[in-house]
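The structure file upload02.pdb is reproduced below (PDB, C-alpha atoms and all ligand atoms).
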```
MODEL        1
ATOM      1  CA  MET S   1       0.000   0.000   0.000
ATOM      2  CA  THR S   2       1.209   3.517  -0.694
ATOM      3  CA  SER S   3       1.277   6.415   1.723
ATOM      4  CA  THR S   4       1.351  10.086   0.826
ATOM      5  CA  PRO S   5       5.037  11.133   1.108
ATOM      6  CA  SER S   6       6.269  12.103  -2.362
ATOM      7  CA  PRO S   7       8.865   9.994  -4.200
ATOM      8  CA  GLY S   8      12.422  11.005  -3.363
ATOM      9  CA  PHE S   9      11.213  12.543  -0.113
ATOM     10  CA  LYS S  10      14.064  13.406   2.266
ATOM     11  CA  SER S  11      13.481  14.014   5.955
ATOM     12  CA  LYS S  12      14.065  17.568   7.103
ATOM     13  CA  HIS S  13      15.090  19.357  10.241
ATOM     14  CA  MET S  14      12.587  21.683  11.926
ATOM     15  CA  SER S  15      14.717  24.724  10.959
ATOM     16  CA  GLU S  16      14.541  23.737   7.258
ATOM     17  CA  LEU S  17      10.760  24.136   7.117
ATOM     18  CA  SER S  18       9.577  27.246   5.315
ATOM     19  CA  ARG S  19       8.300  29.685   7.953
ATOM     20  CA  GLU S  20       5.742  31.251   5.576
ATOM     21  CA  THR S  21       3.779  28.071   4.921
ATOM     22  CA  ILE S  22       3.562  26.382   8.305
ATOM     23  CA  PRO S  23      -0.004  24.992   8.468
ATOM     24  CA  GLN S  24      -2.034  27.145  10.819
ATOM     25  CA  HIS S  25      -4.184  24.184  11.858
ATOM     26  CA  ILE S  26      -3.180  20.508  11.872
ATOM     27  CA  ALA S  27      -5.695  17.769  12.665
ATOM     28  CA  ILE S  28      -4.561  14.226  13.447
ATOM     29  CA  ILE S  29      -6.386  10.885  13.464
ATOM     30  CA  MET S  30      -4.166   9.067  15.963
ATOM     31  CA  ASP S  31      -4.674   5.479  14.811
ATOM     32  CA  GLY S  32      -2.859   2.183  15.294
ATOM     33  CA  ASN S  33      -2.448   1.819  19.066
ATOM     34  CA  GLY S  34      -4.077  -1.619  19.074
ATOM     35  CA  ARG S  35      -1.919  -2.935  16.228
ATOM     36  CA  TRP S  36       1.205  -1.523  17.885
ATOM     37  CA  ALA S  37       0.409  -3.608  20.985
ATOM     38  CA  LYS S  38      -0.641  -6.692  19.004
ATOM     39  CA  LYS S  39       2.688  -6.715  17.133
ATOM     40  CA  ARG S  40       4.371  -6.974  20.535
ATOM     41  CA  LEU S  41       1.926  -9.604  21.835
ATOM     42  CA  MET S  42       0.672  -7.071  24.356
ATOM     43  CA  ASN S  43      -2.796  -6.061  25.470
ATOM     44  CA  ARG S  44      -4.356  -3.230  23.382
ATOM     45  CA  ILE S  45      -4.371  -1.019  26.495
ATOM     46  CA  ASN S  46      -0.558  -0.991  26.444
ATOM     47  CA  GLY S  47      -0.787   0.453  22.949
ATOM     48  CA  HIS S  48      -3.060   3.226  24.198
ATOM     49  CA  ARG S  49      -0.662   3.944  27.058
ATOM     50  CA  LYS S  50       2.263   4.204  24.639
ATOM     51  CA  GLY S  51       0.112   6.342  22.349
ATOM     52  CA  MET S  52      -0.279   8.851  25.162
ATOM     53  CA  ASP S  53       3.486   9.409  25.265
ATOM     54  CA  ALA S  54       3.440  10.157  21.544
ATOM     55  CA  VAL S  55       0.805  12.856  22.113
ATOM     56  CA  LYS S  56       3.159  14.845  24.324
ATOM     57  CA  ASP S  57       6.023  14.842  21.778
ATOM     58  CA  VAL S  58       3.759  15.821  18.912
ATOM     59  CA  VAL S  59       2.051  18.634  20.840
ATOM     60  CA  LEU S  60       5.433  20.120  21.750
ATOM     61  CA  ALA S  61       6.796  19.737  18.204
ATOM     62  CA  ALA S  62       3.692  21.375  16.715
ATOM     63  CA  ARG S  63       4.031  24.318  19.051
ATOM     64  CA  GLU S  64       7.728  24.639  18.260
ATOM     65  CA  ALA S  65       6.954  24.595  14.521
ATOM     66  CA  GLY S  66       4.562  27.518  15.015
ATOM     67  CA  VAL S  67       1.291  25.658  14.475
ATOM     68  CA  SER S  68      -1.522  27.723  16.053
ATOM     69  CA  TYR S  69      -4.194  25.023  16.266
ATOM     70  CA  LEU S  70      -3.751  21.294  16.779
ATOM     71  CA  THR S  71      -6.797  19.024  16.845
ATOM     72  CA  LEU S  72      -6.380  15.416  17.982
ATOM     73  CA  PHE S  73      -8.988  12.720  17.416
ATOM     74  CA  ALA S  74      -8.784  10.930  20.756
ATOM     75  CA  PHE S  75     -12.105   9.070  20.924
ATOM     76  CA  SER S  76     -14.884   8.873  18.352
ATOM     77  CA  SER S  77     -18.624   8.636  18.961
ATOM     78  CA  GLU S  78     -18.348   5.138  17.444
ATOM     79  CA  ASN S  79     -15.545   4.102  19.839
ATOM     80  CA  TRP S  80     -18.162   3.699  22.632
ATOM     81  CA  LYS S  81     -19.011   0.418  20.867
ATOM     82  CA  ARG S  82     -15.629  -1.077  21.805
ATOM     83  CA  PRO S  83     -15.371  -3.670  24.615
ATOM     84  CA  PRO S  84     -16.296  -2.005  27.949
ATOM     85  CA  GLU S  85     -12.879  -2.779  29.489
ATOM     86  CA  GLU S  86     -11.130  -0.947  26.646
ATOM     87  CA  VAL S  87     -13.486   2.048  26.893
ATOM     88  CA  LYS S  88     -12.928   2.183  30.649
ATOM     89  CA  ALA S  89      -9.157   2.035  30.240
ATOM     90  CA  LEU S  90      -9.252   4.792  27.615
ATOM     91  CA  MET S  91     -11.246   7.057  29.944
ATOM     92  CA  LEU S  92      -8.829   6.391  32.819
ATOM     93  CA  LEU S  93      -5.900   7.190  30.526
ATOM     94  CA  LEU S  94      -7.597  10.407  29.429
ATOM     95  CA  GLY S  95      -7.925  11.567  33.050
ATOM     96  CA  LYS S  96      -4.343  10.564  33.770
ATOM     97  CA  TYR S  97      -3.025  12.364  30.678
ATOM     98  CA  LEU S  98      -4.915  15.561  31.449
ATOM     99  CA  LYS S  99      -3.714  15.630  35.051
ATOM    100  CA  SER S 100      -0.088  14.912  34.246
ATOM    101  CA  GLU S 101       0.140  17.344  31.310
ATOM    102  CA  LEU S 102      -1.575  20.341  32.918
ATOM    103  CA  PRO S 103       1.691  21.875  34.236
ATOM    104  CA  LEU S 104       3.277  21.544  30.772
ATOM    105  CA  MET S 105       0.226  23.093  29.073
ATOM    106  CA  MET S 106       0.458  26.029  31.486
ATOM    107  CA  ASP S 107       4.201  26.348  30.959
ATOM    108  CA  LYS S 108       3.905  26.281  27.155
ATOM    109  CA  GLY S 109       0.879  28.572  26.959
ATOM    110  CA  ILE S 110      -1.386  25.894  25.490
ATOM    111  CA  ARG S 111      -5.155  26.423  25.645
ATOM    112  CA  LEU S 112      -7.159  23.203  25.785
ATOM    113  CA  ARG S 113     -10.501  22.828  24.021
ATOM    114  CA  ALA S 114     -12.780  19.816  23.815
ATOM    115  CA  VAL S 115     -15.025  18.995  20.869
ATOM    116  CA  GLY S 116     -17.653  16.274  21.063
ATOM    117  CA  ASN S 117     -20.360  14.996  23.368
ATOM    118  CA  ILE S 118     -18.328  15.467  26.515
ATOM    119  CA  GLU S 119     -21.379  14.919  28.706
ATOM    120  CA  LYS S 120     -20.934  11.218  27.821
ATOM    121  CA  ILE S 121     -17.472  11.151  29.439
ATOM    122  CA  PRO S 122     -17.642   9.569  32.948
ATOM    123  CA  PRO S 123     -18.056  12.208  35.727
ATOM    124  CA  LYS S 124     -14.582  11.797  37.243
ATOM    125  CA  GLU S 125     -12.713  12.284  33.965
ATOM    126  CA  ARG S 126     -15.143  15.022  32.914
ATOM    127  CA  ALA S 127     -14.275  16.947  36.073
ATOM    128  CA  VAL S 128     -10.546  16.639  35.325
ATOM    129  CA  LEU S 129     -11.225  17.779  31.756
ATOM    130  CA  GLN S 130     -13.249  20.773  32.964
ATOM    131  CA  ASP S 131     -10.474  21.719  35.359
ATOM    132  CA  SER S 132      -7.907  21.656  32.513
ATOM    133  CA  LEU S 133     -10.253  23.644  30.248
ATOM    134  CA  ASP S 134     -10.745  26.286  32.940
ATOM    135  CA  LYS S 135      -7.109  26.554  33.997
ATOM    136  CA  THR S 136      -5.759  26.816  30.438
ATOM    137  CA  SER S 137      -8.502  29.145  29.163
ATOM    138  CA  LYS S 138      -6.308  32.269  29.178
ATOM    139  CA  ASN S 139      -3.319  30.641  27.455
ATOM    140  CA  SER S 140      -2.663  31.958  23.973
ATOM    141  CA  ASP S 141       0.378  30.305  22.347
ATOM    142  CA  MET S 142      -1.415  27.322  20.805
ATOM    143  CA  VAL S 143      -4.937  25.887  20.894
ATOM    144  CA  LEU S 144      -5.052  22.132  21.486
ATOM    145  CA  SER S 145      -8.472  20.673  20.693
ATOM    146  CA  LEU S 146      -9.227  17.149  21.849
ATOM    147  CA  ALA S 147     -11.995  15.473  19.864
ATOM    148  CA  LEU S 148     -13.678  13.313  22.501
ATOM    149  CA  SER S 149     -16.825  11.320  21.876
ATOM    150  CA  TYR S 150     -16.822  13.215  18.594
ATOM    151  CA  GLY S 151     -18.547  12.348  15.327
ATOM    152  CA  GLY S 152     -18.761  14.582  12.276
ATOM    153  CA  ARG S 153     -22.244  13.510  11.162
ATOM    154  CA  GLY S 154     -23.647  14.062  14.656
ATOM    155  CA  GLU S 155     -22.054  17.500  14.724
ATOM    156  CA  ILE S 156     -23.649  18.437  11.374
ATOM    157  CA  VAL S 157     -27.065  17.169  12.487
ATOM    158  CA  SER S 158     -26.821  19.224  15.711
ATOM    159  CA  ALA S 159     -25.929  22.351  13.718
ATOM    160  CA  ALA S 160     -28.905  21.766  11.387
ATOM    161  CA  ARG S 161     -31.194  21.267  14.370
ATOM    162  CA  SER S 162     -29.998  24.412  16.112
ATOM    163  CA  LEU S 163     -30.520  26.483  12.921
ATOM    164  CA  ALA S 164     -34.002  24.974  12.485
ATOM    165  CA  GLU S 165     -34.863  25.884  16.093
ATOM    166  CA  LYS S 166     -33.817  29.491  15.495
ATOM    167  CA  VAL S 167     -35.945  29.664  12.344
ATOM    168  CA  GLN S 168     -38.898  28.155  14.232
ATOM    169  CA  ALA S 169     -38.458  30.673  17.045
ATOM    170  CA  GLY S 170     -38.340  33.506  14.513
ATOM    171  CA  SER S 171     -34.831  34.671  15.459
ATOM    172  CA  LEU S 172     -33.342  33.603  12.101
ATOM    173  CA  SER S 173     -34.757  33.778   8.596
ATOM    174  CA  LEU S 174     -34.342  30.984   6.079
ATOM    175  CA  GLU S 175     -32.360  33.273   3.734
ATOM    176  CA  ASP S 176     -29.762  33.775   6.472
ATOM    177  CA  ILE S 177     -28.765  30.110   6.356
ATOM    178  CA  ASP S 178     -25.557  29.983   4.344
ATOM    179  CA  GLU S 179     -22.152  28.322   4.665
ATOM    180  CA  ASP S 180     -20.918  30.896   7.187
ATOM    181  CA  SER S 181     -23.963  30.717   9.467
ATOM    182  CA  PHE S 182     -23.921  26.920   9.224
ATOM    183  CA  ALA S 183     -20.226  26.787  10.195
ATOM    184  CA  SER S 184     -20.847  29.112  13.115
ATOM    185  CA  ASN S 185     -23.244  26.515  14.551
ATOM    186  CA  LEU S 186     -20.599  23.780  14.503
ATOM    187  CA  LEU S 187     -18.477  22.879  17.542
ATOM    188  CA  THR S 188     -15.440  24.315  15.769
ATOM    189  CA  SER S 189     -16.916  27.770  15.116
ATOM    190  CA  ASP S 190     -13.990  29.531  16.816
ATOM    191  CA  VAL S 191     -11.272  27.554  15.012
ATOM    192  CA  PRO S 192     -10.229  27.824  11.330
ATOM    193  CA  ASP S 193     -10.594  24.730   9.139
ATOM    194  CA  PRO S 194      -7.595  22.364   9.215
ATOM    195  CA  ASP S 195      -4.909  22.988   6.588
ATOM    196  CA  LEU S 196      -3.417  19.536   7.040
ATOM    197  CA  LEU S 197      -4.925  16.231   8.182
ATOM    198  CA  ILE S 198      -2.595  13.439   9.220
ATOM    199  CA  ARG S 199      -3.786   9.859   9.688
ATOM    200  CA  THR S 200      -1.402   7.251  11.030
ATOM    201  CA  SER S 201      -1.422   3.446  10.704
ATOM    202  CA  GLY S 202      -1.957   3.149   6.952
ATOM    203  CA  GLU S 203      -5.748   3.476   7.005
ATOM    204  CA  MET S 204      -6.970   5.829   4.303
ATOM    205  CA  ARG S 205     -10.324   6.942   5.578
ATOM    206  CA  ILE S 206     -11.818   9.830   7.530
ATOM    207  CA  SER S 207     -13.805   7.727  10.056
ATOM    208  CA  ASN S 208     -16.397  10.453  10.722
ATOM    209  CA  PHE S 209     -13.831  13.117  11.675
ATOM    210  CA  LEU S 210     -14.455  16.816  10.897
ATOM    211  CA  LEU S 211     -16.569  16.037   7.815
ATOM    212  CA  TRP S 212     -17.535  19.659   7.135
ATOM    213  CA  GLN S 213     -14.210  21.228   8.098
ATOM    214  CA  LEU S 214     -12.003  18.966   5.933
ATOM    215  CA  ALA S 215     -13.531  20.188   2.637
ATOM    216  CA  TYR S 216     -10.227  21.706   1.414
ATOM    217  CA  THR S 217      -7.738  20.176   3.826
ATOM    218  CA  GLU S 218      -4.561  18.543   2.484
ATOM    219  CA  LEU S 219      -4.533  14.846   3.444
ATOM    220  CA  TYR S 220      -1.422  12.995   4.587
ATOM    221  CA  PHE S 221      -1.427   9.284   5.301
ATOM    222  CA  THR S 222       1.462   7.419   6.864
ATOM    223  CA  GLU S 223       2.005   3.741   7.641
ATOM    224  CA  THR S 224       3.577   4.647  10.986
ATOM    225  CA  LEU S 225       1.486   3.461  13.923
ATOM    226  CA  TRP S 226       0.495   6.257  16.316
ATOM    227  CA  PRO S 227       2.726   5.148  19.271
ATOM    228  CA  ASP S 228       5.735   5.335  16.903
ATOM    229  CA  PHE S 229       4.801   8.762  15.500
ATOM    230  CA  GLY S 230       7.023  11.549  16.797
ATOM    231  CA  ARG S 231       8.599  14.905  16.149
ATOM    232  CA  ASP S 232      10.404  13.833  12.946
ATOM    233  CA  ASP S 233       7.218  12.347  11.517
ATOM    234  CA  LEU S 234       5.388  15.599  12.171
ATOM    235  CA  ILE S 235       8.164  17.557  10.454
ATOM    236  CA  ALA S 236       7.960  15.136   7.481
ATOM    237  CA  ALA S 237       4.198  15.705   7.231
ATOM    238  CA  ILE S 238       4.589  19.490   7.366
ATOM    239  CA  SER S 239       7.367  19.345   4.796
ATOM    240  CA  ASP S 240       5.150  17.305   2.467
ATOM    241  CA  PHE S 241       2.331  19.814   3.010
ATOM    242  CA  GLN S 242       4.697  22.605   1.987
ATOM    243  CA  SER S 243       5.273  20.919  -1.377
ATOM    244  CA  ARG S 244       1.539  20.947  -2.231
ATOM    245  CA  GLU S 245      -0.250  23.533  -4.342
ATOM    246  CA  ARG S 246      -3.597  24.432  -2.767
ATOM    247  CA  ARG S 247      -5.814  25.562  -5.617
ATOM    248  CA  PHE S 248      -9.268  25.790  -3.994
ATOM    249  CA  GLY S 249     -10.862  25.135  -7.372
ATOM    250  CA  LYS S 250      -8.777  27.655  -9.316
ATOM    251  CA  THR S 251      -6.160  26.892 -11.966
ATOM    252  CA  SER S 252      -2.483  26.754 -11.249
ATOM    253  CA  ASP S 253      -1.910  29.754 -13.580
ATOM    254  CA  GLN S 254      -4.346  31.882 -11.590
ATOM    255  CA  LEU S 255      -2.380  31.193  -8.419
ATOM    256  CA  VAL S 256       0.909  32.174 -10.118
ATOM    257  CA  GLU S 257      -0.696  35.431 -11.398
ATOM    258  CA  LYS S 258      -1.843  36.266  -7.862
ATOM    259  CA  LYS S 259       1.667  35.670  -6.483
ATOM    260  CA  VAL S 260       3.214  37.929  -9.169
ATOM    261  CA  LYS S 261       0.693  40.699  -8.360
ATOM    262  CA  LEU S 262       1.540  40.459  -4.657
ATOM    263  CA  CYS S 263       5.286  40.968  -5.358
TER
HETATM  264  C1  LIG C 301      -6.470   4.591  17.966
HETATM  265  O1  LIG C 301      -5.910   3.332  17.949
HETATM  266  C2  LIG C 301      -6.994   4.980  19.322
HETATM  267  C3  LIG C 301      -8.463   5.041  19.403
HETATM  268  C4  LIG C 301      -9.282   4.834  18.430
HETATM  269  C5  LIG C 301      -9.034   5.350  20.702
HETATM  270  P1  LIG C 301      -6.809   2.024  17.752
HETATM  271  O2  LIG C 301      -7.229   1.541  19.085
HETATM  272  O3  LIG C 301      -7.903   2.279  16.799
HETATM  273  O4  LIG C 301      -5.746   1.034  17.125
HETATM  274  P2  LIG C 301      -5.995  -0.040  15.983
HETATM  275  O5  LIG C 301      -6.601   0.680  14.818
HETATM  276  O6  LIG C 301      -6.909  -1.075  16.543
HETATM  277  O7  LIG C 301      -4.621  -0.572  15.668
HETATM  278  C1  LIG C 302     -10.631   6.730  14.460
HETATM  279  O1  LIG C 302      -9.985   5.507  14.585
HETATM  280  C2  LIG C 302     -10.871   7.346  15.801
HETATM  281  C3  LIG C 302      -9.693   7.740  16.555
HETATM  282  C4  LIG C 302      -8.459   7.693  16.136
HETATM  283  C5  LIG C 302      -9.948   8.258  17.860
HETATM  284  P1  LIG C 302     -10.775   4.113  14.564
HETATM  285  O2  LIG C 302      -9.765   3.072  14.755
HETATM  286  O3  LIG C 302     -11.908   4.167  15.509
HETATM  287  O4  LIG C 302     -11.363   4.111  13.071
HETATM  288  P2  LIG C 302     -11.884   2.908  12.177
HETATM  289  O5  LIG C 302     -12.933   2.179  12.961
HETATM  290  O6  LIG C 302     -10.721   2.020  11.866
HETATM  291  O7  LIG C 302     -12.421   3.552  10.938
HETATM  292 MG    MG C 303      -8.055   2.093  14.805
ENDMDL
END
```
Using structure tokens, write down the structure that the file contains.
Amino acid sequence: MTSTPSPGFKSKHMSELSRETIPQHIAIIMDGNGRWAKKRLMNRINGHRKGMDAVKDVVLAAREAGVSYLTLFAFSSENWKRPPEEVKALMLLLGKYLKSELPLMMDKGIRLRAVGNIEKIPPKERAVLQDSLDKTSKNSDMVLSLALSYGGRGEIVSAARSLAEKVQAGSLSLEDIDEDSFASNLLTSDVPDPDLLIRTSGEMRISNFLLWQLAYTELYFTETLWPDFGRDDLIAAISDFQSRERRFGKTSDQLVEKKVKLC
């Protein structure tokens, strides 16, 4: 199977990345924890534990690269269907991660956000999450969004329902429903759309992640399993992103003309 990195791709150092085209927002589907553990004849939970260590490295590397928004898919609305012991372990790990990383988030000026049905998270972990959200709310160096109990279709349905309620109540007219007003009813209304989506573990699907927001996102797939993904892999993904031409429906010539005019 092929992954995205271009032929002849050479790994780069952080300082070799072009400063002008660092993606403002990177979203990551952190996949492959179970397979990482299985390869080592370990329980899947060990893979999740190891995956947590990878999160720390990648968050710090993203901040160092100058990424303003990082969104991590930590638990999908469909992941509730996993065996109860695995779900329980994942929730315990979430609480543990949030507690242990709070000092670092404060030190590095990272503001935590949560997207998803967080009311479904067990009360103990939800309280830890709320504490981290509150304590980091004034930080301004990078926004770290954790997608927890998140599903893109559910998010779109909720936005449609909330717009319909406003129309029914007479506070919004039908003509005012457009792409902007729709997007402002999504959970990500205060965050720009991702520039780059990374999915680890060789799977080439979106799995109900940010369905609306990924409309023009550059996609990057790597065979690397999430627990093995680190700083250098993030740099490789950013470097690959920097070699892309984002046309947003226009022609390549139009983009060159615009660049010439700007000079
Ligand atoms: C990603 O790893 C973590 C979550 C979905 C919570 P997986 O647990 O999906 O790992 P694989 O895909 O089974 O290897
Ligand atoms: C997507 O991974 C969700 C997260 C990484 C949290 P899954 O492992 O749940 O996705 P599928 O089931 O393989 O599509
Ligand atoms: Mg998976």
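Excluding Leu92 in chain S itself and same-chain residues fewer than 4 positions from it, the residues having an atom within 12 Å of it are Ile45, His48, Arg49, Met52, Glu85, Glu86, Val87, Lys88, Lys96, Tyr97, Leu98, Lys99, Ile121, Pro122, Pro123, Lys124, Glu125, Arg126, Val128 and Leu129 of chain S, counting only C-alpha atoms.
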Kindly work out which residues sit at most 10 Å from ligand LIG 301 (chain C), using only C-alpha atoms and all ligand atoms, and give the list as a PDB file with C-alpha atoms, in the frame of the given file.
```
ATOM      1  CA  ILE S  29      -6.386  10.885  13.464  1.00  0.00           C
ATOM      2  CA  MET S  30      -4.166   9.067  15.963  1.00  0.00           C
ATOM      3  CA  ASP S  31      -4.674   5.479  14.811  1.00  0.00           C
ATOM      4  CA  GLY S  32      -2.859   2.183  15.294  1.00  0.00           C
ATOM      5  CA  ASN S  33      -2.448   1.819  19.066  1.00  0.00           C
ATOM      6  CA  GLY S  34      -4.077  -1.619  19.074  1.00  0.00           C
ATOM      7  CA  ARG S  35      -1.919  -2.935  16.228  1.00  0.00           C
ATOM      8  CA  TRP S  36       1.205  -1.523  17.885  1.00  0.00           C
ATOM      9  CA  ALA S  37       0.409  -3.608  20.985  1.00  0.00           C
ATOM     10  CA  LYS S  38      -0.641  -6.692  19.004  1.00  0.00           C
ATOM     11  CA  LYS S  39       2.688  -6.715  17.133  1.00  0.00           C
ATOM     12  CA  ARG S  44      -4.356  -3.230  23.382  1.00  0.00           C
ATOM     13  CA  ILE S  45      -4.371  -1.019  26.495  1.00  0.00           C
ATOM     14  CA  GLY S  47      -0.787   0.453  22.949  1.00  0.00           C
ATOM     15  CA  HIS S  48      -3.060   3.226  24.198  1.00  0.00           C
ATOM     16  CA  GLY S  51       0.112   6.342  22.349  1.00  0.00           C
ATOM     17  CA  MET S  52      -0.279   8.851  25.162  1.00  0.00           C
ATOM     18  CA  PHE S  73      -8.988  12.720  17.416  1.00  0.00           C
ATOM     19  CA  ALA S  74      -8.784  10.930  20.756  1.00  0.00           C
ATOM     20  CA  PHE S  75     -12.105   9.070  20.924  1.00  0.00           C
ATOM     21  CA  SER S  76     -14.884   8.873  18.352  1.00  0.00           C
ATOM     22  CA  GLU S  78     -18.348   5.138  17.444  1.00  0.00           C
ATOM     23  CA  ASN S  79     -15.545   4.102  19.839  1.00  0.00           C
ATOM     24  CA  TRP S  80     -18.162   3.699  22.632  1.00  0.00           C
ATOM     25  CA  ARG S  82     -15.629  -1.077  21.805  1.00  0.00           C
ATOM     26  CA  GLU S  86     -11.130  -0.947  26.646  1.00  0.00           C
ATOM     27  CA  VAL S  87     -13.486   2.048  26.893  1.00  0.00           C
ATOM     28  CA  LEU S  90      -9.252   4.792  27.615  1.00  0.00           C
ATOM     29  CA  MET S  91     -11.246   7.057  29.944  1.00  0.00           C
ATOM     30  CA  LEU S 148     -13.678  13.313  22.501  1.00  0.00           C
ATOM     31  CA  SER S 149     -16.825  11.320  21.876  1.00  0.00           C
ATOM     32  CA  THR S 200      -1.402   7.251  11.030  1.00  0.00           C
ATOM     33  CA  SER S 201      -1.422   3.446  10.704  1.00  0.00           C
ATOM     34  CA  GLY S 202      -1.957   3.149   6.952  1.00  0.00           C
ATOM     35  CA  GLU S 203      -5.748   3.476   7.005  1.00  0.00           C
ATOM     36  CA  SER S 207     -13.805   7.727  10.056  1.00  0.00           C
ATOM     37  CA  LEU S 225       1.486   3.461  13.923  1.00  0.00           C
ATOM     38  CA  TRP S 226       0.495   6.257  16.316  1.00  0.00           C
ATOM     39  CA  PRO S 227       2.726   5.148  19.271  1.00  0.00           C
TER      40      PRO S 227
END
```
**OP:** Let me know the residues the PyMOL selection byres (((chain S and resi 230-236) around 12) and not hetatm) catches in the file above, as a PyMOL selection string.
**Re:** chain S and resi 4-6+9-18+22-23+26-28+30+50-67+70+196-200+220-229+237-243
Subject >> Contacts of Asp141 in chain S at 8 Å (all atoms listed in the file; same-chain gap of 2+ positions) as a list in words >> reply: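 What passes the distance filter is Arg63, Ser68, Lys108, Gly109, Ile110, Arg111, Asn139 and Val143 of chain S.
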**OP:** Translate the PyMOL selection byres (((chain S and resi 246-261) around 10) and not hetatm), as applied to the file shown, into an explicit residue set as a list in words.
**Re:**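 Given this file, the PyMOL selection byres (((chain S and resi 246-261) around 10) and not hetatm) evaluates to Asp195, Ala215, Tyr216, Thr217, Glu218, Phe241, Gln242, Ser243, Arg244, Glu245, Leu262 and Cys263 of chain S.
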Would you put the residues from that selection into a file with C-alpha atoms, as a PDB file, in the frame of the given file?
```pdb
ATOM      1  CA  ASP S 195      -4.909  22.988   6.588  1.00  0.00           C
ATOM      2  CA  ALA S 215     -13.531  20.188   2.637  1.00  0.00           C
ATOM      3  CA  TYR S 216     -10.227  21.706   1.414  1.00  0.00           C
ATOM      4  CA  THR S 217      -7.738  20.176   3.826  1.00  0.00           C
ATOM      5  CA  GLU S 218      -4.561  18.543   2.484  1.00  0.00           C
ATOM      6  CA  PHE S 241       2.331  19.814   3.010  1.00  0.00           C
ATOM      7  CA  GLN S 242       4.697  22.605   1.987  1.00  0.00           C
ATOM      8  CA  SER S 243       5.273  20.919  -1.377  1.00  0.00           C
ATOM      9  CA  ARG S 244       1.539  20.947  -2.231  1.00  0.00           C
ATOM     10  CA  GLU S 245      -0.250  23.533  -4.342  1.00  0.00           C
ATOM     11  CA  LEU S 262       1.540  40.459  -4.657  1.00  0.00           C
ATOM     12  CA  CYS S 263       5.286  40.968  -5.358  1.00  0.00           C
TER      13      CYS S 263
END
```
